[in-house]
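Okay, structure first, notes after.
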Amino acid sequence: MQSPKGPNPVAAICNALSHEYGDSLARLMLIQGMTLADLINSLLRSPIKNSEAIRLVTHALGSVDFLVEPQIVGPSHIAYIYDRPGSLHVVDIGIDTTQGQLASTGIRLCLRDRETI
C-alpha cells in the first residue's frame with residue numbers, strides 16, 4: 001500500500017490497517033469506509049502504544065482527512081472506555097452527543113482524499 005511520505009497520522013492509520021487486514025482489504029476499507037470499531041481494533045493490535053493508537057483515532061474523528069458518518073453536530077464529547085476501573089488502557093470509544101451516545105460500531109469513516117493510498 002502506498003502511504004503518504006513522512007510520519008503523519010494518515011500514514012500511521014494506513015499502516016495499522018494493512019498490518020491487521022492486508023493491503024488490499026485495508027485499501028478497500030479506506031475507500032469504501034469502515035466502522036470506528038474496525039479502526040480502533042486495527043490500531044490497538046498494531047505495534048504502537050495504546051496512547052498513540054487513541055491519539056490517531058481522535059485525529060481521524062476530528063480531521064479533514066476522513067469523512068465521518070453520521071456527521072457529529074453540536075456539542076459532543078469523546079467517551080473513552082477503559083479495560084477495567086482505574087486502568088489507563090483504552091479499549092473502545094463512544095461519542096456523547098445531545099442525542100445520546102454513539103457507539104464505535106455505529107460510526108463510519110472513509111478517507112476523503114483517495115489519492116493518499
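Each chain in the C-alpha cells gets a letter, A, B and so on, in the order shown; residues start at 1 in every chain, and ligands are counted from 1 in the order they appear.
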What's the 10 Å shell around A:His59, counting only C-alpha atoms, without same-chain residues fewer than 6 positions away, as a list of chain:residue names? A:Pro9, A:Val10, A:Ile13, A:Ala53, A:Asp65, A:Phe66
I'd like the neighbourhood of stretch 70-85 of chain A as a ChimeraX atom specification, where a residue qualifies if any of its atoms comes within 6 Å (using only C-alpha atoms), though same-chain residues fewer than 5 positions away should be ignored. /A:90-97
Since we have the selection now, will you write its residues out, keeping N, CA, C and O atoms, as a PDB file, in the first residue's frame?
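out-v2.pdb, written as the output of this step:
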ATOM      1  N   VAL A  90      -7.129   2.190  27.109  1.00  0.00           N
ATOM      2  CA  VAL A  90      -8.392   2.398  26.401  1.00  0.00           C
ATOM      3  C   VAL A  90      -8.659   1.217  25.475  1.00  0.00           C
ATOM      4  O   VAL A  90      -7.773   0.757  24.763  1.00  0.00           O
ATOM      5  N   VAL A  91      -9.901   0.715  25.478  1.00  0.00           N
ATOM      6  CA  VAL A  91     -10.269  -0.409  24.609  1.00  0.00           C
ATOM      7  C   VAL A  91     -11.368  -0.053  23.607  1.00  0.00           C
ATOM      8  O   VAL A  91     -11.607  -0.793  22.658  1.00  0.00           O
ATOM      9  N   ASP A  92     -12.048   1.077  23.803  1.00  0.00           N
ATOM     10  CA  ASP A  92     -13.092   1.492  22.871  1.00  0.00           C
ATOM     11  C   ASP A  92     -13.387   2.965  23.102  1.00  0.00           C
ATOM     12  O   ASP A  92     -12.944   3.563  24.089  1.00  0.00           O
ATOM     13  N   ILE A  93     -14.149   3.535  22.168  1.00  0.00           N
ATOM     14  CA  ILE A  93     -14.525   4.943  22.241  1.00  0.00           C
ATOM     15  C   ILE A  93     -15.994   5.055  21.876  1.00  0.00           C
ATOM     16  O   ILE A  93     -16.481   4.373  20.984  1.00  0.00           O
ATOM     17  N   GLY A  94     -16.690   5.926  22.557  1.00  0.00           N
ATOM     18  CA  GLY A  94     -18.049   6.304  22.193  1.00  0.00           C
ATOM     19  C   GLY A  94     -18.078   7.817  22.094  1.00  0.00           C
ATOM     20  O   GLY A  94     -17.169   8.496  22.581  1.00  0.00           O
ATOM     21  N   ILE A  95     -19.081   8.350  21.455  1.00  0.00           N
ATOM     22  CA  ILE A  95     -19.190   9.804  21.356  1.00  0.00           C
ATOM     23  C   ILE A  95     -20.512  10.212  21.977  1.00  0.00           C
ATOM     24  O   ILE A  95     -21.586   9.786  21.536  1.00  0.00           O
ATOM     25  N   ASP A  96     -20.413  11.021  23.035  1.00  0.00           N
ATOM     26  CA  ASP A  96     -21.595  11.541  23.703  1.00  0.00           C
ATOM     27  C   ASP A  96     -22.065  12.788  22.969  1.00  0.00           C
ATOM     28  O   ASP A  96     -21.283  13.713  22.747  1.00  0.00           O
ATOM     29  N   THR A  97     -23.324  12.792  22.564  1.00  0.00           N
ATOM     30  CA  THR A  97     -23.917  13.952  21.900  1.00  0.00           C
ATOM     31  C   THR A  97     -25.185  14.331  22.651  1.00  0.00           C
ATOM     32  O   THR A  97     -25.611  13.618  23.568  1.00  0.00           O
TER      33      THR A  97
END
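With distances taken over only C-alpha atoms, A:Thr35 is the one residue among A:Gln101, A:Thr35, A:Asn41, A:Ser46 lying closest to A:Glu69.
A straight line drawn from atom CA of A:Pro47 to atom CA of A:Ala60 is 18.5 Å long.
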Run DSSP on the backbone and give me the residues of chain A it puts in alpha helix (DSSP H), as a PyMOL selection string. chain A and resi 9-21+23-32+36-45+50-62
Find the residues near A:Gly33: any atom within 8 Å, counting only C-alpha atoms, skip ones fewer than 4 places away on the same chain, and give them as a list in words. Leu28, Met29, Arg108, Leu109, Cys110 and Leu111 of chain A
Just N, CA and C atoms for this one: save the residues we selected as a compact mmCIF listing (two decimals), in the first residue's frame.
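Contents of selection_12.txt, freshly written:
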# COMPACT_ATOMS: atom_id res chain seq x y z
N LEU A 28 -9.48 -1.12 0.47
CA LEU A 28 -10.93 -1.15 0.29
C LEU A 28 -11.63 -0.47 1.47
N MET A 29 -11.18 -0.74 2.67
CA MET A 29 -11.77 -0.14 3.87
C MET A 29 -11.61 1.37 3.86
N ARG A 108 -19.06 5.49 10.98
CA ARG A 108 -18.29 5.06 9.80
C ARG A 108 -17.35 6.17 9.37
N LEU A 109 -16.16 5.74 8.91
CA LEU A 109 -15.16 6.66 8.40
C LEU A 109 -14.65 6.18 7.06
N CYS A 110 -14.33 7.12 6.18
CA CYS A 110 -13.63 6.77 4.94
C CYS A 110 -12.67 7.92 4.63
N LEU A 111 -11.63 7.59 3.94
CA LEU A 111 -10.61 8.57 3.59
C LEU A 111 -11.17 9.55 2.58
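Comparing A:Ala11, A:Glu20, A:Gln99, A:Leu67 by their smallest distance to A:Leu44, the closest is A:Glu20 (using only C-alpha atoms).
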Can you work out which one of A:Ile54, A:Val64, A:Ala16, A:Ala37 has the shortest atom-to-atom distance to A:Ala103, counting only C-alpha atoms? A:Ala37
Just the strand (DSSP E) stuff from chain A, please, per backbone DSSP, written as a ChimeraX atom specification. /A:34-35,66-69,76-82,90-97,100-102,108-111
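Reported to one decimal place, the separation of atom CA of A:Thr98 from atom CA of A:Leu56 is 24.5 Å.
Each of A:His89, A:Arg55, A:Arg45, A:Arg112 was checked against A:Tyr21 using only C-alpha atoms; the smallest atom-to-atom distance is that of A:Arg45.
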Between atom CA of A:Ile48 and atom CA of A:Val68 lies a distance of 23.6 Å
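Using only C-alpha atoms, the smallest distance between any of A:Gly62, A:Lys49, A:Val57, A:Met34 and A:Ile107 comes from A:Met34.
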